[in-house]
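J.: Sharing run-v6.txt here; it has compact mmCIF, C-alpha atoms and all ligand atoms.
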# COMPACT_ATOMS: atom_id res chain seq x y z
CA MET A 1 2.51 -24.18 -17.00
CA LYS A 2 -0.01 -22.07 -18.92
CA ALA A 3 1.04 -18.48 -19.48
CA ILE A 4 0.18 -15.45 -21.59
CA VAL A 5 3.22 -14.84 -23.79
CA GLN A 6 4.21 -11.78 -25.84
CA ASP A 7 7.12 -11.87 -28.31
CA ARG A 8 6.51 -8.51 -30.01
CA TYR A 9 4.84 -5.18 -29.33
CA GLY A 10 1.38 -4.48 -30.72
CA SER A 11 -2.33 -4.72 -29.98
CA VAL A 12 -3.96 -7.53 -27.99
CA GLU A 13 -3.34 -10.01 -30.84
CA VAL A 14 0.31 -10.21 -29.78
CA LEU A 15 -0.74 -11.99 -26.59
CA GLU A 16 -0.82 -15.80 -26.93
CA THR A 17 -1.58 -18.57 -24.48
CA GLN A 18 1.35 -21.00 -24.39
CA ASP A 19 2.70 -23.89 -22.32
CA ILE A 20 6.08 -22.80 -21.01
CA GLU A 21 8.45 -23.82 -18.21
CA ARG A 22 7.76 -22.53 -14.74
CA PRO A 23 10.08 -19.67 -13.80
CA GLU A 24 13.22 -20.68 -11.90
CA ILE A 25 13.89 -18.98 -8.62
CA GLY A 26 17.23 -17.64 -7.46
CA ASP A 27 18.57 -16.76 -4.04
CA GLY A 28 16.15 -14.54 -2.14
CA GLU A 29 13.31 -15.33 -4.54
CA VAL A 30 9.96 -17.04 -4.13
CA LEU A 31 7.87 -19.12 -6.56
CA VAL A 32 4.16 -18.28 -6.31
CA ARG A 33 1.22 -20.35 -7.52
CA VAL A 34 -0.81 -17.45 -8.96
CA HIS A 35 -4.48 -17.45 -7.95
CA ALA A 36 -5.26 -13.99 -9.29
CA ALA A 37 -3.55 -11.17 -11.17
CA SER A 38 -4.87 -7.71 -11.88
CA ILE A 39 -4.69 -5.36 -14.85
CA HIS A 40 -3.74 -1.71 -14.94
CA VAL A 41 -3.28 0.79 -17.77
CA GLY A 42 0.48 0.14 -17.65
CA ASP A 43 -0.09 -3.43 -18.88
CA TRP A 44 -1.59 -2.00 -22.06
CA ILE A 45 1.29 0.46 -22.42
CA LEU A 46 3.84 -2.35 -21.99
CA MET A 47 1.97 -4.50 -24.52
CA THR A 48 1.92 -1.80 -27.21
CA GLY A 49 5.41 -0.48 -26.48
CA VAL A 50 4.09 3.07 -26.89
CA PRO A 51 5.36 5.64 -26.04
CA TYR A 52 8.49 4.36 -27.80
CA VAL A 53 10.87 5.98 -25.34
CA MET A 54 9.73 3.41 -22.80
CA ARG A 55 11.34 0.61 -24.88
CA PHE A 56 14.79 1.63 -23.63
CA ALA A 57 13.66 0.08 -20.34
CA THR A 58 11.34 -2.69 -21.52
CA GLY A 59 13.23 -3.99 -24.59
CA LEU A 60 14.02 -2.19 -27.84
CA GLY A 61 12.84 -4.66 -30.53
CA LYS A 62 10.63 -6.87 -28.36
CA PRO A 63 9.65 -7.09 -24.69
CA LYS A 64 12.44 -8.29 -22.37
CA ASN A 65 9.85 -10.08 -20.24
CA ARG A 66 7.94 -12.57 -22.39
CA VAL A 67 5.15 -12.95 -19.81
CA PRO A 68 3.37 -9.65 -19.01
CA GLY A 69 1.57 -8.65 -15.83
CA THR A 70 2.82 -7.36 -12.49
CA ASP A 71 0.17 -7.52 -9.75
CA ILE A 72 -0.49 -10.90 -8.15
CA ALA A 73 -1.93 -12.83 -5.25
CA GLY A 74 -1.29 -16.51 -4.68
CA THR A 75 0.32 -19.21 -2.55
CA VAL A 76 4.05 -19.69 -2.02
CA GLU A 77 5.06 -22.89 -3.83
CA ALA A 78 8.83 -22.82 -3.24
CA VAL A 79 11.41 -20.55 -1.65
CA GLY A 80 15.00 -19.90 -2.71
CA ARG A 81 18.08 -19.79 -0.49
CA ASP A 82 18.23 -16.84 1.92
CA VAL A 83 14.45 -16.34 1.97
CA GLN A 84 13.79 -15.36 5.59
CA ARG A 85 10.21 -14.27 6.01
CA LEU A 86 8.02 -16.33 3.68
CA ARG A 87 7.29 -20.08 3.89
CA VAL A 88 5.84 -22.63 1.47
CA GLY A 89 2.04 -22.45 1.73
CA ASP A 90 1.89 -18.76 2.74
CA GLU A 91 -0.90 -16.80 1.06
CA VAL A 92 0.75 -13.67 -0.36
CA PHE A 93 0.16 -10.63 -2.56
CA GLY A 94 2.41 -8.07 -4.20
CA TRP A 95 4.18 -7.63 -7.53
CA CYS A 96 6.41 -9.60 -9.90
CA ASP A 97 7.44 -9.89 -13.54
CA GLY A 98 5.14 -12.32 -15.36
CA ALA A 99 1.87 -12.24 -13.41
CA PHE A 100 -0.34 -13.56 -16.25
CA ALA A 101 0.65 -17.20 -15.71
CA GLU A 102 0.01 -20.12 -13.40
CA TYR A 103 3.32 -19.53 -11.61
CA ALA A 104 5.43 -16.41 -11.12
CA SER A 105 8.66 -15.63 -9.32
CA ALA A 106 9.43 -12.55 -7.26
CA ALA A 107 12.01 -11.28 -4.82
CA GLU A 108 10.83 -11.98 -1.25
CA ASP A 109 10.66 -8.23 -0.63
CA GLN A 110 7.95 -7.83 -3.30
CA LEU A 111 5.43 -10.01 -1.49
CA ILE A 112 3.75 -9.94 1.91
CA ASN A 113 1.11 -12.08 3.58
CA LYS A 114 -2.38 -11.53 2.16
CA PRO A 115 -4.84 -9.71 4.44
CA ALA A 116 -7.25 -12.32 5.83
CA ASN A 117 -10.24 -10.09 4.96
CA LEU A 118 -9.53 -10.11 1.20
CA THR A 119 -10.06 -12.78 -1.43
CA PHE A 120 -7.15 -13.55 -3.76
CA GLU A 121 -8.91 -11.52 -6.46
CA GLN A 122 -9.23 -8.49 -4.17
CA ALA A 123 -5.64 -8.82 -2.96
CA ALA A 124 -4.32 -8.97 -6.52
CA ALA A 125 -6.15 -5.70 -7.20
CA VAL A 126 -4.03 -3.90 -4.58
CA GLY A 127 -1.16 -3.23 -6.95
CA VAL A 128 0.08 -0.44 -9.18
CA SER A 129 -3.24 1.45 -8.98
CA ALA A 130 -3.42 1.52 -5.18
CA THR A 131 0.28 2.36 -4.86
CA THR A 132 -0.12 5.20 -7.36
CA ALA A 133 -3.14 6.63 -5.52
CA LEU A 134 -1.33 6.42 -2.18
CA GLN A 135 1.86 8.09 -3.39
CA LEU A 136 0.04 10.81 -5.36
CA LEU A 137 -2.18 11.82 -2.44
CA ARG A 138 0.15 11.28 0.53
CA ASP A 139 3.52 12.26 -0.98
CA ASP A 140 2.82 14.59 -3.94
CA GLY A 141 -0.47 16.10 -2.72
CA LYS A 142 0.40 16.00 1.01
CA VAL A 143 -3.33 15.75 1.75
CA GLN A 144 -4.28 17.04 5.20
CA PRO A 145 -7.42 16.35 7.26
CA GLY A 146 -10.28 18.66 6.29
CA GLN A 147 -8.90 19.55 2.88
CA LYS A 148 -11.22 19.43 -0.12
CA VAL A 149 -10.00 16.88 -2.66
CA LEU A 150 -11.55 16.23 -6.06
CA ILE A 151 -10.80 12.98 -7.90
CA ASN A 152 -11.56 13.14 -11.64
CA GLY A 153 -11.98 9.57 -12.91
CA ALA A 154 -13.12 8.38 -9.47
CA SER A 155 -14.53 5.07 -10.71
CA GLY A 156 -11.42 3.60 -12.36
CA GLY A 157 -8.41 1.65 -11.11
CA VAL A 158 -6.54 4.58 -9.58
CA GLY A 159 -9.71 6.55 -8.79
CA THR A 160 -11.47 3.96 -6.60
CA PHE A 161 -8.34 3.64 -4.44
CA ALA A 162 -7.82 7.42 -4.47
CA VAL A 163 -11.33 8.12 -3.13
CA GLN A 164 -10.80 5.69 -0.23
CA ILE A 165 -7.23 6.79 0.55
CA ALA A 166 -8.17 10.49 0.48
CA LYS A 167 -10.96 9.69 2.95
CA ALA A 168 -8.49 7.74 5.11
CA LEU A 169 -6.24 10.84 5.10
CA GLY A 170 -9.20 12.85 6.45
CA ALA A 171 -10.16 14.79 3.32
CA ASP A 172 -13.60 15.90 2.19
CA VAL A 173 -13.77 13.99 -1.09
CA THR A 174 -15.59 14.74 -4.34
CA GLY A 175 -15.58 12.04 -7.02
CA VAL A 176 -16.28 12.72 -10.70
CA THR A 177 -17.76 9.87 -12.72
CA SER A 178 -20.59 9.00 -15.10
CA THR A 179 -24.18 8.15 -14.13
CA LYS A 180 -23.67 4.39 -13.99
CA ASN A 181 -20.92 4.70 -11.37
CA VAL A 182 -22.40 7.43 -9.14
CA GLU A 183 -23.72 5.03 -6.49
CA MET A 184 -20.53 2.94 -6.47
CA VAL A 185 -18.34 6.03 -5.95
CA ARG A 186 -20.63 7.15 -3.11
CA SER A 187 -20.52 3.65 -1.61
CA ILE A 188 -16.72 3.71 -1.32
CA GLY A 189 -16.85 6.89 0.72
CA ALA A 190 -17.01 9.95 -1.53
CA ASP A 191 -18.76 12.80 0.31
CA HIS A 192 -19.95 14.33 -2.97
CA VAL A 193 -20.26 12.86 -6.45
CA ILE A 194 -20.38 14.86 -9.70
CA ASP A 195 -21.91 13.10 -12.70
CA TYR A 196 -19.86 14.41 -15.60
CA THR A 197 -22.65 13.67 -18.06
CA HIS A 198 -24.69 16.44 -16.35
CA ASP A 199 -22.18 18.77 -14.67
CA ASP A 200 -18.71 20.08 -15.48
CA PHE A 201 -16.61 20.51 -12.31
CA THR A 202 -14.33 23.03 -14.05
CA LYS A 203 -17.34 25.37 -14.43
CA GLY A 204 -18.74 24.92 -10.92
CA ALA A 205 -18.41 27.36 -7.99
CA GLU A 206 -16.67 24.91 -5.64
CA ARG A 207 -12.90 25.29 -5.10
CA TYR A 208 -10.61 22.41 -4.10
CA ASP A 209 -7.27 22.20 -2.29
CA LEU A 210 -6.25 19.31 -4.51
CA ILE A 211 -7.51 17.98 -7.83
CA LEU A 212 -6.23 14.56 -8.87
CA ASP A 213 -7.02 14.27 -12.58
CA ASN A 214 -6.88 10.67 -13.83
CA VAL A 215 -8.62 11.47 -17.12
CA GLY A 216 -7.26 14.61 -18.78
CA ASN A 217 -10.51 15.45 -20.58
CA HIS A 218 -10.25 19.18 -19.80
CA SER A 219 -7.37 21.54 -20.50
CA MET A 220 -5.04 21.89 -17.53
CA SER A 221 -5.77 25.63 -17.26
CA ASP A 222 -9.54 24.97 -17.16
CA THR A 223 -8.98 22.30 -14.52
CA ARG A 224 -6.85 24.61 -12.36
CA ARG A 225 -9.79 27.04 -12.26
CA GLY A 226 -11.36 24.62 -9.77
CA LEU A 227 -8.52 25.16 -7.29
CA THR A 228 -8.18 27.39 -4.24
CA PRO A 229 -5.36 29.97 -4.62
CA ASN A 230 -2.92 27.61 -2.89
CA GLY A 231 -4.43 24.46 -4.40
CA THR A 232 -2.59 21.85 -6.46
CA LEU A 233 -3.47 20.04 -9.69
CA ILE A 234 -1.96 16.60 -10.13
CA SER A 235 -2.38 15.59 -13.78
CA ASN A 236 -2.19 11.80 -13.75
CA GLY A 237 -3.87 11.11 -17.09
CA GLY A 238 -1.11 9.71 -19.25
CA GLY A 239 -2.20 6.30 -20.31
CA HIS A 240 -5.22 5.79 -22.53
CA SER A 241 -4.01 7.19 -25.81
CA ASP A 242 -0.69 7.85 -27.52
CA GLY A 243 -1.21 11.63 -27.49
CA LYS A 244 -1.20 11.75 -23.71
CA LEU A 245 2.59 11.68 -23.65
CA GLY A 246 2.33 15.20 -25.04
CA ARG A 247 0.01 16.17 -22.20
CA THR A 248 2.42 14.71 -19.65
CA MET A 249 5.28 16.71 -21.16
CA ARG A 250 3.14 19.86 -21.10
CA ALA A 251 2.28 19.28 -17.44
CA MET A 252 5.99 18.96 -16.69
CA LEU A 253 6.81 22.23 -18.45
CA VAL A 254 3.86 24.13 -16.96
CA SER A 255 4.78 22.90 -13.45
CA MET A 256 8.06 24.81 -13.76
CA VAL A 257 6.27 28.15 -14.02
CA VAL A 258 2.78 27.61 -12.53
CA ARG A 259 2.76 26.98 -8.77
CA GLN A 260 -0.62 25.18 -8.81
CA GLN A 261 0.53 22.56 -11.35
CA ALA A 262 2.37 19.56 -9.88
CA SER A 263 5.06 17.89 -11.97
CA PRO A 264 4.03 14.46 -13.34
CA THR A 265 5.80 11.50 -11.78
CA VAL A 266 6.05 7.77 -12.44
CA LYS A 267 5.11 5.77 -9.38
CA THR A 268 6.84 2.52 -8.45
CA GLN A 269 5.83 -0.20 -6.03
CA ASN A 270 7.83 -0.77 -2.88
CA HIS A 271 7.65 -3.03 0.17
CA ASP A 272 6.88 -0.28 2.70
CA ASP A 273 3.87 1.02 0.76
CA LEU A 274 2.57 -2.53 0.28
CA VAL A 275 2.59 -2.81 4.09
CA VAL A 276 0.81 0.58 4.40
CA LEU A 277 -1.88 -0.54 1.92
CA LYS A 278 -2.33 -3.85 3.77
CA GLY A 279 -2.84 -1.83 6.98
CA LEU A 280 -5.50 0.33 5.31
CA VAL A 281 -7.26 -2.80 4.05
CA GLU A 282 -7.14 -4.52 7.44
CA ALA A 283 -8.47 -1.38 9.12
CA GLY A 284 -11.45 -1.48 6.74
CA LYS A 285 -10.47 1.89 5.22
CA VAL A 286 -9.71 0.53 1.74
CA THR A 287 -11.50 -2.28 -0.08
CA PRO A 288 -10.62 -2.98 -3.71
CA VAL A 289 -13.48 -2.58 -6.17
CA ILE A 290 -13.46 -5.48 -8.63
CA GLY A 291 -15.00 -4.39 -11.91
CA GLY A 292 -14.78 -7.73 -13.68
CA THR A 293 -13.11 -11.12 -13.50
CA TYR A 294 -11.70 -12.97 -16.51
CA PRO A 295 -10.02 -16.40 -16.83
CA LEU A 296 -6.30 -16.41 -17.70
CA SER A 297 -6.99 -17.33 -21.32
CA GLN A 298 -9.08 -14.16 -21.70
CA THR A 299 -6.31 -11.80 -20.57
CA PRO A 300 -6.18 -10.05 -24.00
CA ALA A 301 -9.90 -9.22 -23.75
CA ALA A 302 -9.43 -7.99 -20.18
CA ILE A 303 -6.55 -5.69 -21.20
CA GLY A 304 -8.62 -4.43 -24.15
CA HIS A 305 -11.48 -3.65 -21.76
CA VAL A 306 -9.21 -1.58 -19.49
CA ALA A 307 -7.60 0.18 -22.46
CA ALA A 308 -11.02 1.37 -23.66
CA GLY A 309 -11.03 3.77 -20.67
CA HIS A 310 -14.33 2.93 -19.00
CA ALA A 311 -13.46 0.02 -16.73
CA GLN A 312 -14.99 0.12 -13.28
CA GLY A 313 -12.50 -0.33 -10.42
CA THR A 314 -9.87 -2.99 -11.08
CA VAL A 315 -10.21 -5.81 -13.63
CA VAL A 316 -8.88 -9.11 -12.37
CA ILE A 317 -7.59 -12.33 -13.96
CA SER A 318 -8.58 -15.41 -11.98
CA VAL A 319 -6.29 -18.45 -12.20
CA PRO A 320 -8.07 -21.34 -10.49
CA MET A 321 -6.08 -24.36 -9.23
CA GLN A 322 -7.58 -26.56 -11.97
CA SER A 323 -6.88 -24.03 -14.69
CA THR A 324 -7.04 -26.57 -17.54
CA GLY A 325 -10.83 -26.47 -17.34
CA ALA A 326 -10.90 -22.70 -17.13
CA PHE A 327 -8.84 -22.48 -20.30
CA ALA A 328 -11.46 -24.36 -22.26
CA THR A 329 -14.27 -21.98 -21.35
CA ALA A 330 -15.19 -18.70 -22.92
CA SER A 331 -15.02 -15.42 -21.03
CA THR A 332 -16.57 -15.64 -17.59
CA MET A 333 -16.59 -11.96 -16.94
CA THR A 334 -18.64 -11.31 -13.86
CA PRO A 335 -20.86 -8.31 -13.30
CA ALA A 336 -19.19 -5.38 -11.61
CA VAL A 337 -19.23 -5.52 -7.84
CA ALA A 338 -18.86 -2.44 -5.72
CA SER A 339 -17.87 -3.16 -2.17
CA THR A 340 -16.87 -1.07 0.77
N1 LIG A 401 1.81 8.11 -12.50
C1 LIG A 401 1.83 6.80 -12.58
O1 LIG A 401 2.86 6.14 -12.28
C2 LIG A 401 0.58 6.08 -13.01
C3 LIG A 401 0.31 4.80 -12.54
C4 LIG A 401 -0.89 4.19 -12.90
C5 LIG A 401 -1.77 4.87 -13.74
N2 LIG A 401 -1.45 6.10 -14.20
C6 LIG A 401 -2.36 6.82 -15.10
O2 LIG A 401 -3.55 7.13 -14.39
C7 LIG A 401 -4.61 7.26 -15.31
C8 LIG A 401 -5.83 6.57 -14.74
O3 LIG A 401 -5.57 5.19 -14.65
P1 LIG A 401 -6.71 4.21 -14.18
O4 LIG A 401 -6.08 2.89 -14.00
O5 LIG A 401 -7.48 4.78 -13.05
O6 LIG A 401 -7.62 4.20 -15.48
P2 LIG A 401 -8.97 3.39 -15.69
O7 LIG A 401 -9.14 2.39 -14.63
O8 LIG A 401 -8.97 2.89 -17.08
O9 LIG A 401 -10.05 4.56 -15.54
C9 LIG A 401 -11.25 4.41 -16.18
C10 LIG A 401 -12.27 5.29 -15.47
O10 LIG A 401 -12.17 6.63 -15.97
C11 LIG A 401 -13.49 7.15 -15.96
N3 LIG A 401 -13.69 8.22 -16.94
C12 LIG A 401 -13.60 8.12 -18.31
N4 LIG A 401 -13.90 9.32 -18.87
C13 LIG A 401 -14.17 10.17 -17.85
C14 LIG A 401 -14.50 11.55 -17.77
N5 LIG A 401 -14.68 12.30 -18.86
N6 LIG A 401 -14.68 12.10 -16.55
C15 LIG A 401 -14.52 11.38 -15.42
N7 LIG A 401 -14.22 10.05 -15.42
C16 LIG A 401 -14.03 9.46 -16.61
C17 LIG A 401 -14.36 5.96 -16.32
O11 LIG A 401 -15.61 6.17 -15.75
P3 LIG A 401 -16.93 6.11 -16.67
O12 LIG A 401 -16.95 4.72 -17.27
O13 LIG A 401 -17.99 6.38 -15.69
O14 LIG A 401 -16.74 7.14 -17.75
C18 LIG A 401 -13.63 4.76 -15.74
O15 LIG A 401 -14.20 4.30 -14.54
C19 LIG A 401 -4.14 6.66 -16.63
O16 LIG A 401 -3.92 7.69 -17.57
C20 LIG A 401 -2.83 5.99 -16.26
O17 LIG A 401 -1.90 6.01 -17.32
C21 LIG A 401 -0.32 6.73 -13.85
What would you get if you wrote out this structure as structure tokens?
Ligand SMILES: NC(=O)c1ccc[n+]([C@@H]2O[C@H](COP(=O)([O-])OP(=O)(O)OC[C@H]3O[C@@H](n4cnc5c(N)ncnc54)[C@H](OP(=O)(O)O)[C@@H]3O)[C@@H](O)[C@H]2O)c1
T.:
Amino acid sequence: MKAIVQDRYGSVEVLETQDIERPEIGDGEVLVRVHAASIHVGDWILMTGVPYVMRFATGLGKPKNRVPGTDIAGTVEAVGRDVQRLRVGDEVFGWCDGAFAEYASAAEDQLINKPANLTFEQAAAVGVSATTALQLLRDDGKVQPGQKVLINGASGGVGTFAVQIAKALGADVTGVTSTKNVEMVRSIGADHVIDYTHDDFTKGAERYDLILDNVGNHSMSDTRRGLTPNGTLISNGGGHSDGKLGRTMRAMLVSMVVRQQASPTVKTQNHDDLVVLKGLVEAGKVTPVIGGTYPLSQTPAAIGHVAAGHAQGTVVISVPMQSTGAFATASTMTPAVAST
């Protein structure tokens, strides 16, 4: 099968297209024919191996998993012994190791049936970013109906899900983005949109019960000025540059002495939250925003685009059934599509 392979840490040049064996499946595992995979900031972090401390988990000298990528949607091709719920031919979505390939394996628990109202590309986009938004707002922020929630970085991978999930939780939502994304952020349900090229929310008069900061472009103390006395700042901007590890550490230390500062957390995918997200999608409360679609061979360019920090929504890798043809073509990045 065709796969994106990485044998060392570094920039996008370390990613190569290779023909490798399909993954083998063990007991309780499922082989998926990947139709789409999506990209999140974590894919860039795993590719570079920075911050270095992360390598204790991902492989000290080189990545333990040769094929990167986690978020997928596809069709079940084979099932291992003891697989109870899924059948060959089922259309599924969820997470795995090795998403940027024609086939990927995953434990049965990591996949559920794809919502009928989503394409494979949209379903693949419901991954790390949606799970992070859900857990930050529901579990860390404990968002209640009627609360005022501000999402800084409302147009990105986490932000577009956060706007919709905060609305689903009953909040009055303000999204912060640049001019080109104002209409998109409004279209996914934000009650108010601040264009950061004209206005600075940290200097405005409005006060929020929760600020979810996906960007980290203001100091944390300036950002907390936008809070009500009992409000909470969740600083989730850790990923776009090496220096942000320092910011994450600072947020952790400040959270020990400042009540309004939440402690940073790493979010992980789990079966129950995948089911919750599927429910939100089926209820029409959450629809992934696809900011661009690339063929598998162009995965390095897609990761580079996300790493630059101005991607709209989620960037998706499309892996058509006849992928040989797709490999021969140049980038087929589509224009951004905002959908509700
Ligand atoms: N805690 C966890 O486990 C976890 C999990 C996933 C992600 N994260 C972190 O969450 C952060 C956000 O991830 P993401 O996937 O949402 O990133 P992303 O998709 O790359 O976000 C890009 C968006 O940020 C917006 N943006 C850039 N500068 C801005 C500014 N000054 N003000 C407001 N918006 C701005 C861009 O909008 P414009 O183009 O309009 O500027 C773009 O739409 C990252 O730091 C990542 O590491 C944490």
J.: As a quick test: using all atoms listed in the file, which residues lie no more than 8 Å away from ligand LIG 401 (chain A)? Give them as an mmCIF file with C-alpha atoms, in the coordinates of the input.
T.:
data_model
loop_
_atom_site.group_PDB
_atom_site.id
_atom_site.type_symbol
_atom_site.label_atom_id
_atom_site.label_comp_id
_atom_site.auth_asym_id
_atom_site.auth_seq_id
_atom_site.Cartn_x
_atom_site.Cartn_y
_atom_site.Cartn_z
ATOM 1 C CA HIS A 40 -3.740 -1.710 -14.940
ATOM 2 C CA VAL A 41 -3.280 0.790 -17.770
ATOM 3 C CA GLY A 42 0.480 0.140 -17.650
ATOM 4 C CA VAL A 128 0.080 -0.440 -9.180
ATOM 5 C CA SER A 129 -3.240 1.450 -8.980
ATOM 6 C CA THR A 132 -0.120 5.200 -7.360
ATOM 7 C CA LEU A 136 0.040 10.810 -5.360
ATOM 8 C CA ASN A 152 -11.560 13.140 -11.640
ATOM 9 C CA GLY A 153 -11.980 9.570 -12.910
ATOM 10 C CA ALA A 154 -13.120 8.380 -9.470
ATOM 11 C CA SER A 155 -14.530 5.070 -10.710
ATOM 12 C CA GLY A 156 -11.420 3.600 -12.360
ATOM 13 C CA GLY A 157 -8.410 1.650 -11.110
ATOM 14 C CA VAL A 158 -6.540 4.580 -9.580
ATOM 15 C CA GLY A 159 -9.710 6.550 -8.790
ATOM 16 C CA THR A 160 -11.470 3.960 -6.600
ATOM 17 C CA VAL A 176 -16.280 12.720 -10.700
ATOM 18 C CA THR A 177 -17.760 9.870 -12.720
ATOM 19 C CA SER A 178 -20.590 9.000 -15.100
ATOM 20 C CA THR A 179 -24.180 8.150 -14.130
ATOM 21 C CA LYS A 180 -23.670 4.390 -13.990
ATOM 22 C CA ASN A 181 -20.920 4.700 -11.370
ATOM 23 C CA VAL A 182 -22.400 7.430 -9.140
ATOM 24 C CA TYR A 196 -19.860 14.410 -15.600
ATOM 25 C CA ASP A 213 -7.020 14.270 -12.580
ATOM 26 C CA ASN A 214 -6.880 10.670 -13.830
ATOM 27 C CA VAL A 215 -8.620 11.470 -17.120
ATOM 28 C CA GLY A 216 -7.260 14.610 -18.780
ATOM 29 C CA ASN A 217 -10.510 15.450 -20.580
ATOM 30 C CA ASN A 236 -2.190 11.800 -13.750
ATOM 31 C CA GLY A 237 -3.870 11.110 -17.090
ATOM 32 C CA GLY A 238 -1.110 9.710 -19.250
ATOM 33 C CA GLY A 239 -2.200 6.300 -20.310
ATOM 34 C CA HIS A 240 -5.220 5.790 -22.530
ATOM 35 C CA LYS A 244 -1.200 11.750 -23.710
ATOM 36 C CA PRO A 264 4.030 14.460 -13.340
ATOM 37 C CA THR A 265 5.800 11.500 -11.780
ATOM 38 C CA VAL A 266 6.050 7.770 -12.440
ATOM 39 C CA LYS A 267 5.110 5.770 -9.380
ATOM 40 C CA THR A 268 6.840 2.520 -8.450
ATOM 41 C CA VAL A 306 -9.210 -1.580 -19.490
ATOM 42 C CA ALA A 307 -7.600 0.180 -22.460
ATOM 43 C CA ALA A 308 -11.020 1.370 -23.660
ATOM 44 C CA GLY A 309 -11.030 3.770 -20.670
ATOM 45 C CA HIS A 310 -14.330 2.930 -19.000
ATOM 46 C CA ALA A 311 -13.460 0.020 -16.730
ATOM 47 C CA GLN A 312 -14.990 0.120 -13.280
ATOM 48 C CA GLY A 313 -12.500 -0.330 -10.420
ATOM 49 C CA THR A 314 -9.870 -2.990 -11.080
#
J.: Can you work out which one of A:Val5, A:Met249, A:Ala168, A:Val163 has the shortest atom-to-atom distance to Met184 in chain A, counting only C-alpha atoms?
T.: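 Closest residue, counting only C-alpha atoms: A:Val163.
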J.: List every residue of range 15-64 of chain A that has an atom at most 12 Å from any atom of range 270-290 of chain A, giving for each one its closest atom pair and the distance in Å to one decimal, counting only C-alpha atoms, sorted by chain and then by ascending residue number, as CSV.
T.:
residue,atom,partner,partner_atom,distance
A:Ala36,CA,A:Ile290,CA,11.8
A:Ala37,CA,A:Ile290,CA,11.7
A:Ser38,CA,A:Ile290,CA,9.5
A:Ile39,CA,A:Ile290,CA,10.8
J.: Could you check which of A:Glu77, A:Asp71, A:Asp43, A:Asp172 is closest to Ala123 in chain A, using only C-alpha atoms?
T.: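 Among the listed residues, the smallest separation from Ala123 in chain A belongs to A:Asp71.
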J.: Tell me which residues come within 10 Å of (0.4, -21.6, -5.4), as a ChimeraX atom specification, counting only C-alpha atoms in the file's coordinates.
T.: /A:31-35,73-78,88-92,102-104,320-321
J.: Would you compute the distance between CA of Met252 in chain A and CA of Gln164 in chain A? Give it in Å to one decimal.
T.: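 Separation between CA of Met252 in chain A and CA of Gln164 in chain A: 27.0 Å.
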J.: Identify the residues around (-7.5, -13.6, -22.8) within a radius of 9 Å, measuring from only C-alpha atoms in the coordinates stated by the file, and give them as an MDAnalysis selection string.
T.: chainID A and resid 4 12 15:17 294:303 317 331
J.: Could you pull the residues within 10 Å of Ala205 in chain A, counting only C-alpha atoms, minus those fewer than 4 positions along the same chain, as a short mmCIF file (atom, residue, chain, number, x, y, z; two decimals) with C-alpha atoms, keeping the file's coordinate frame?
T.:
data_model
loop_
_atom_site.label_atom_id
_atom_site.label_comp_id
_atom_site.auth_asym_id
_atom_site.auth_seq_id
_atom_site.Cartn_x
_atom_site.Cartn_y
_atom_site.Cartn_z
CA PHE A 201 -16.61 20.51 -12.31
CA ARG A 225 -9.79 27.04 -12.26
CA GLY A 226 -11.36 24.62 -9.77
#
J.: Select, from A:Ile194, A:Gly204, A:Val143, A:Gly292, the residue with the minimum atom-to-atom distance to Gly231 in chain A, counting all atoms listed in the file.
T.: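 Checking each of A:Ile194, A:Gly204, A:Val143, A:Gly292 against Gly231 in chain A, counting all atoms listed in the file, the winner is A:Val143.
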J.: With all atoms listed in the file as the atoms that count, which of A:Gly59, A:Ala99, A:Gly49, A:Lys203 lies nearest to Gly127 in chain A?
T.: A:Ala99
J.: Could you work out how far CA of Gly175 in chain A lies from CA of Leu210 in chain A, giving the answer in Å with one decimal?
T.: 12.1 Å
J.: A:Ala124, A:Leu111, A:Met1, A:Ala171: which is nearest Leu86 in chain A, counting only C-alpha atoms?
T.: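 Of A:Ala124, A:Leu111, A:Met1, A:Ala171, the one nearest Leu86 in chain A, counting only C-alpha atoms, is A:Leu111.
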J.: If you count only C-alpha atoms, which residues fall within 12 Å of range 53-58 of chain A, apart from same-chain ones fewer than 3 positions away, as a PyMOL selection string?
T.: chain A and resi 8-9+42-43+45-50+61-66+68+97+242+245+266
J.: How would the residues just picked look written out with C-alpha atoms as a short mmCIF file (atom, residue, chain, number, x, y, z; two decimals), in the coordinates of the input?
T.:
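Listed below is the output, result-v3.cif:
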data_model
loop_
_atom_site.label_atom_id
_atom_site.label_comp_id
_atom_site.auth_asym_id
_atom_site.auth_seq_id
_atom_site.Cartn_x
_atom_site.Cartn_y
_atom_site.Cartn_z
CA ARG A 8 6.51 -8.51 -30.01
CA TYR A 9 4.84 -5.18 -29.33
CA GLY A 42 0.48 0.14 -17.65
CA ASP A 43 -0.09 -3.43 -18.88
CA ILE A 45 1.29 0.46 -22.42
CA LEU A 46 3.84 -2.35 -21.99
CA MET A 47 1.97 -4.50 -24.52
CA THR A 48 1.92 -1.80 -27.21
CA GLY A 49 5.41 -0.48 -26.48
CA VAL A 50 4.09 3.07 -26.89
CA GLY A 61 12.84 -4.66 -30.53
CA LYS A 62 10.63 -6.87 -28.36
CA PRO A 63 9.65 -7.09 -24.69
CA LYS A 64 12.44 -8.29 -22.37
CA ASN A 65 9.85 -10.08 -20.24
CA ARG A 66 7.94 -12.57 -22.39
CA PRO A 68 3.37 -9.65 -19.01
CA ASP A 97 7.44 -9.89 -13.54
CA ASP A 242 -0.69 7.85 -27.52
CA LEU A 245 2.59 11.68 -23.65
CA VAL A 266 6.05 7.77 -12.44
#
